[in-house]
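Participant: I am sharing start-v4.tsv, which consists of TSV, C-alpha atoms:
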chain	number	residue	atom	x	y	z
A	1203	GLY	CA	-29.62	-33.10	-26.66
A	1204	SER	CA	-32.21	-30.97	-28.30
A	1205	ASP	CA	-32.50	-30.92	-32.07
A	1206	VAL	CA	-33.94	-27.40	-32.19
A	1207	VAL	CA	-32.60	-24.04	-31.14
A	1208	THR	CA	-33.47	-23.67	-27.47
A	1209	GLU	CA	-34.74	-20.38	-26.11
A	1210	ARG	CA	-33.91	-19.29	-22.59
A	1211	MET	CA	-34.85	-16.39	-20.32
A	1212	SER	CA	-36.53	-14.45	-23.13
A	1213	GLN	CA	-36.95	-14.43	-26.89
A	1214	ALA	CA	-33.80	-12.29	-27.10
A	1215	SER	CA	-31.68	-15.08	-25.61
A	1216	ILE	CA	-30.81	-18.10	-27.76
A	1217	ALA	CA	-28.48	-21.08	-27.21
A	1218	LEU	CA	-27.15	-23.22	-30.04
A	1219	ASP	CA	-26.36	-26.53	-28.35
A	1220	ARG	CA	-23.89	-29.21	-29.46
A	1221	ALA	CA	-26.60	-31.17	-31.31
A	1222	ILE	CA	-27.40	-28.12	-33.48
A	1223	LEU	CA	-23.71	-27.51	-34.21
A	1224	ASP	CA	-23.26	-31.14	-35.24
A	1225	ASP	CA	-26.49	-31.34	-37.27
A	1226	TYR	CA	-25.52	-28.32	-39.36
A	1227	GLY	CA	-21.85	-29.32	-39.70
A	1228	VAL	CA	-20.63	-26.10	-38.12
A	1229	ARG	CA	-16.85	-25.67	-38.51
A	1230	ARG	CA	-16.51	-21.96	-37.63
A	1231	LEU	CA	-18.15	-19.57	-35.19
A	1232	ALA	CA	-19.37	-17.66	-38.26
A	1233	ASP	CA	-21.20	-20.80	-39.50
A	1234	ALA	CA	-23.05	-21.07	-36.18
A	1235	LEU	CA	-24.01	-17.40	-36.05
A	1236	GLU	CA	-25.62	-17.67	-39.50
A	1237	LEU	CA	-28.29	-19.79	-37.76
A	1238	VAL	CA	-29.37	-16.88	-35.53
A	1239	SER	CA	-31.75	-14.16	-36.73
A	1240	GLY	CA	-30.51	-10.59	-36.43
A	1241	ILE	CA	-26.84	-11.51	-36.96
A	1242	SER	CA	-25.13	-10.76	-40.25
A	1243	GLN	CA	-21.61	-11.53	-41.41
A	1244	GLN	CA	-19.19	-8.63	-41.91
A	1245	ASN	CA	-15.76	-8.38	-43.54
A	1246	ASN	CA	-13.63	-11.20	-42.15
A	1247	LEU	CA	-10.45	-10.22	-44.02
A	1248	GLY	CA	-10.54	-13.31	-46.21
A	1249	GLY	CA	-11.24	-15.71	-43.34
A	1250	LEU	CA	-8.65	-14.33	-40.90
A	1251	ARG	CA	-11.12	-13.47	-38.13
A	1252	ASP	CA	-14.72	-13.75	-36.96
A	1253	ASN	CA	-16.65	-10.57	-37.65
A	1254	TYR	CA	-20.40	-10.06	-37.47
A	1255	ALA	CA	-23.05	-7.47	-36.68
A	1256	ILE	CA	-25.83	-8.05	-34.15
A	1257	ARG	CA	-29.04	-6.13	-34.84
A	1258	GLY	CA	-27.14	-3.83	-37.21
A	1259	PHE	CA	-24.40	-2.87	-34.72
A	1260	LEU	CA	-20.98	-3.64	-36.21
A	1261	GLY	CA	-17.90	-5.04	-34.54
A	1262	THR	CA	-14.72	-2.98	-34.61
A	1263	PRO	CA	-13.20	-2.63	-38.09
A	1264	ASP	CA	-9.73	-3.58	-36.85
A	1265	THR	CA	-10.34	-6.75	-34.84
A	1266	GLY	CA	-13.93	-7.77	-35.54
A	1267	ALA	CA	-16.82	-8.22	-33.15
A	1268	GLU	CA	-16.07	-9.07	-29.54
A	1269	TYR	CA	-17.24	-12.37	-28.08
A	1270	PHE	CA	-16.83	-14.14	-24.77
A	1271	VAL	CA	-15.61	-17.65	-23.93
A	1272	ASP	CA	-17.00	-19.06	-20.68
A	1273	GLY	CA	-17.95	-15.51	-19.65
A	1274	PHE	CA	-14.54	-13.92	-20.30
A	1275	LEU	CA	-13.74	-11.58	-23.19
A	1276	ALA	CA	-11.88	-13.77	-25.69
A	1277	ASN	CA	-10.78	-11.92	-28.77
A	1278	ARG	CA	-8.90	-8.88	-27.61
A	1279	GLY	CA	-6.40	-8.01	-30.29
A	1280	PHE	CA	-6.25	-10.06	-33.44
A	1281	GLY	CA	-7.37	-13.65	-32.85
A	1282	PRO	CA	-7.98	-16.34	-35.46
A	1283	PRO	CA	-11.49	-17.59	-36.27
A	1284	ARG	CA	-12.94	-19.71	-33.47
A	1285	ASP	CA	-13.11	-23.45	-34.18
A	1286	PRO	CA	-16.16	-25.02	-32.47
A	1287	ALA	CA	-14.68	-28.51	-31.92
A	1288	ASN	CA	-14.36	-27.83	-28.17
A	1289	VAL	CA	-17.65	-25.91	-27.87
A	1290	GLU	CA	-20.62	-27.24	-25.90
A	1291	ARG	CA	-22.98	-24.41	-26.88
A	1292	ILE	CA	-23.03	-20.87	-28.21
A	1293	GLU	CA	-25.22	-18.38	-26.36
A	1294	VAL	CA	-26.47	-15.25	-28.09
A	1295	LEU	CA	-27.94	-12.59	-25.83
A	1296	LYS	CA	-29.56	-9.91	-27.96
A	1297	GLY	CA	-30.19	-6.37	-26.77
A	1298	PRO	CA	-30.10	-5.19	-23.15
A	1299	VAL	CA	-30.07	-8.74	-21.74
A	1300	GLY	CA	-26.43	-8.84	-22.93
A	1301	ALA	CA	-25.55	-6.42	-20.11
A	1302	VAL	CA	-25.27	-9.48	-17.85
A	1303	PHE	CA	-21.66	-9.69	-19.14
A	1304	GLY	CA	-20.99	-6.05	-18.23
A	1305	SER	CA	-20.93	-5.01	-21.87
A	1306	VAL	CA	-22.51	-1.71	-22.81
A	1307	ASP	CA	-23.01	-2.72	-26.44
A	1308	PRO	CA	-26.72	-2.20	-27.20
A	1309	ALA	CA	-26.66	-5.00	-29.79
A	1310	GLY	CA	-25.99	-7.86	-27.39
A	1311	VAL	CA	-23.21	-10.40	-26.88
A	1312	VAL	CA	-22.07	-13.85	-27.97
A	1313	ASN	CA	-20.77	-16.25	-25.31
A	1314	VAL	CA	-19.05	-19.50	-26.28
A	1315	VAL	CA	-19.35	-22.22	-23.62
A	1316	THR	CA	-16.57	-24.81	-23.89
A	1317	LYS	CA	-16.87	-28.54	-23.21
A	1318	LYS	CA	-16.20	-29.69	-19.65
A	1319	PRO	CA	-15.62	-33.21	-18.31
A	1320	GLN	CA	-18.95	-34.96	-17.60
A	1321	PHE	CA	-17.64	-37.55	-15.09
A	1322	ARG	CA	-18.03	-40.49	-17.45
A	1323	THR	CA	-15.76	-42.47	-19.72
A	1324	GLY	CA	-16.22	-42.31	-23.48
A	1325	GLY	CA	-15.36	-40.48	-26.60
A	1326	SER	CA	-15.97	-39.85	-30.26
A	1327	PHE	CA	-13.96	-39.47	-33.43
A	1328	THR	CA	-15.08	-37.83	-36.67
A	1329	ALA	CA	-13.41	-37.67	-40.07
A	1330	SER	CA	-14.71	-35.60	-42.97
A	1331	ALA	CA	-13.62	-34.53	-46.44
A	1332	GLY	CA	-14.86	-31.89	-48.84
A	1333	SER	CA	-14.12	-29.75	-51.85
A	1334	PHE	CA	-10.77	-28.04	-52.40
A	1335	ASP	CA	-8.99	-31.05	-50.86
A	1336	THR	CA	-10.44	-30.33	-47.42
A	1337	TYR	CA	-9.79	-32.96	-44.75
A	1338	ARG	CA	-10.79	-32.70	-41.09
A	1339	LEU	CA	-10.32	-34.97	-38.07
A	1340	GLU	CA	-11.94	-34.34	-34.68
A	1341	GLY	CA	-11.58	-36.27	-31.45
A	1342	ASP	CA	-13.25	-35.93	-28.06
A	1343	VAL	CA	-12.23	-38.29	-25.23
A	1344	GLU	CA	-13.13	-38.11	-21.56
A	1345	SER	CA	-12.38	-40.28	-18.58
A	1346	LEU	CA	-13.41	-40.52	-14.96
A	1347	LEU	CA	-10.20	-40.65	-12.92
A	1348	ASP	CA	-11.97	-40.97	-9.57
A	1349	PRO	CA	-15.40	-39.92	-8.24
A	1350	SER	CA	-14.29	-36.29	-7.86
A	1351	LEU	CA	-11.83	-35.96	-10.77
A	1352	ALA	CA	-12.42	-36.23	-14.51
A	1353	ILE	CA	-10.46	-35.27	-17.61
A	1354	ARG	CA	-11.50	-34.37	-21.17
A	1355	LEU	CA	-9.30	-33.94	-24.24
A	1356	VAL	CA	-10.67	-32.39	-27.44
A	1357	GLY	CA	-8.68	-31.88	-30.63
A	1358	ALA	CA	-9.17	-31.05	-34.30
A	1359	ILE	CA	-6.98	-30.92	-37.40
A	1360	GLU	CA	-8.10	-29.42	-40.70
A	1361	ASN	CA	-6.20	-28.99	-43.97
A	1362	SER	CA	-7.54	-27.41	-47.15
A	1363	ASP	CA	-6.16	-26.04	-50.39
A	1364	GLY	CA	-8.80	-23.30	-50.25
A	1365	PHE	CA	-10.75	-21.70	-53.06
A	1366	ARG	CA	-8.03	-19.09	-53.77
A	1367	ASP	CA	-4.80	-19.91	-55.57
A	1368	TYR	CA	-1.75	-20.19	-53.28
A	1369	VAL	CA	-3.82	-19.84	-50.10
A	1370	ASP	CA	-3.90	-22.95	-47.94
A	1371	LEU	CA	-5.70	-23.53	-44.65
A	1372	ARG	CA	-4.05	-25.37	-41.76
A	1373	ARG	CA	-6.04	-25.41	-38.51
A	1374	ARG	CA	-5.06	-27.11	-35.26
A	1375	LEU	CA	-6.99	-27.22	-32.01
Could you show the structure in this file as structure tokens?
Facilitator:
Amino acid sequence: GSDVVTERMSQASIALDRAILDDYGVRRLADALELVSGISQQNNLGGLRDNYAIRGFLGTPDTGAEYFVDGFLANRGFGPPRDPANVERIEVLKGPVGAVFGSVDPAGVVNVVTKKPQFRTGGSFTASAGSFDTYRLEGDVESLLDPSLAIRLVGAIENSDGFRDYVDLRRRL
């Protein structure tokens, strides 16, 4: 894996690969998007959703900015913040190049590419702790079942007391 942000197709197209997400300790889609120029965080309703502006164009005030997962629109309605434990890379297509997804938004689009089986056997496990009694466990296990069939299981659990009184965080993936 690369240890720098990789540029593809043009300077307006950026991919944050798994190595970048791990190096920066990214635990939310919002954390990853802070690494990309031209993207700014917007009101996330106290951490209830992902919301950002690309090149000054805002997401909707009710549900936040739209993003895609594996090329399909993912956050119609009111979805929780995206946990990147099962993410292989995050692609940001700024400006007109974002039209490849059929979107007419002049700002661009964000596409989250999820992890797929790699036809090998292995895995990883990560445990972390932080302020406000934050504890997180992540696991990623894959297995080759036969030459044409593989399986991958990714999971994450996070608990935190949070920085606000009487507001706890319980995340499961």
Participant: At what distance in Å, to one decimal, does atom CA of A:Leu1231 lie from atom CA of A:Ala1331?
Facilitator: 19.3 Å
Participant: What is the distance, in Å and to one decimal place, between atom CA of A:Pro1349 and atom CA of A:Gly1325?
Facilitator: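 About the pair atom CA of A:Pro1349 and atom CA of A:Gly1325: they are 18.4 Å apart.
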Participant: Taking (-20.9, -8.6, -44.3) in the file's coordinates as the center, which residues reach within 10 Å of it, counting all atoms listed in the file, put as a list in words?
Facilitator: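 Neighbouring residues, ordered by chain and number, come to Ile1241, Ser1242, Gln1243, Gln1244, Asn1245, Asn1246, Asn1253, Tyr1254, Ala1255 and Leu1260 of chain A.
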Participant: Can you tell me, as a list in words, what residues are no more than 7 Å from A:Ile1292 when counting only C-alpha atoms, ignoring any on the same chain fewer than 6 positions away?
Facilitator: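 Contacts, in chain order: Ala1217, Leu1218, Asp1219, Asn1313, Val1314 and Val1315 of chain A.
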Participant: So which one's closest to A:Gly1341, A:Thr1316, A:Leu1375, A:Pro1283, A:Tyr1368? Using all atoms listed in the file, please.
Facilitator: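 For A:Gly1341, the nearest of the candidates is A:Leu1375.
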Participant: Using all atoms listed in the file, which of A:Arg1229, A:Arg1220, A:Lys1296, A:Arg1322 sits nearest A:Glu1360?
Facilitator: A:Arg1229
Participant: Atom CA of A:Gly1310 to atom CA of A:Ile1256: how many Å, to one decimal?
Facilitator: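 Going from atom CA of A:Gly1310 over to atom CA of A:Ile1256, I get 6.8 Å.
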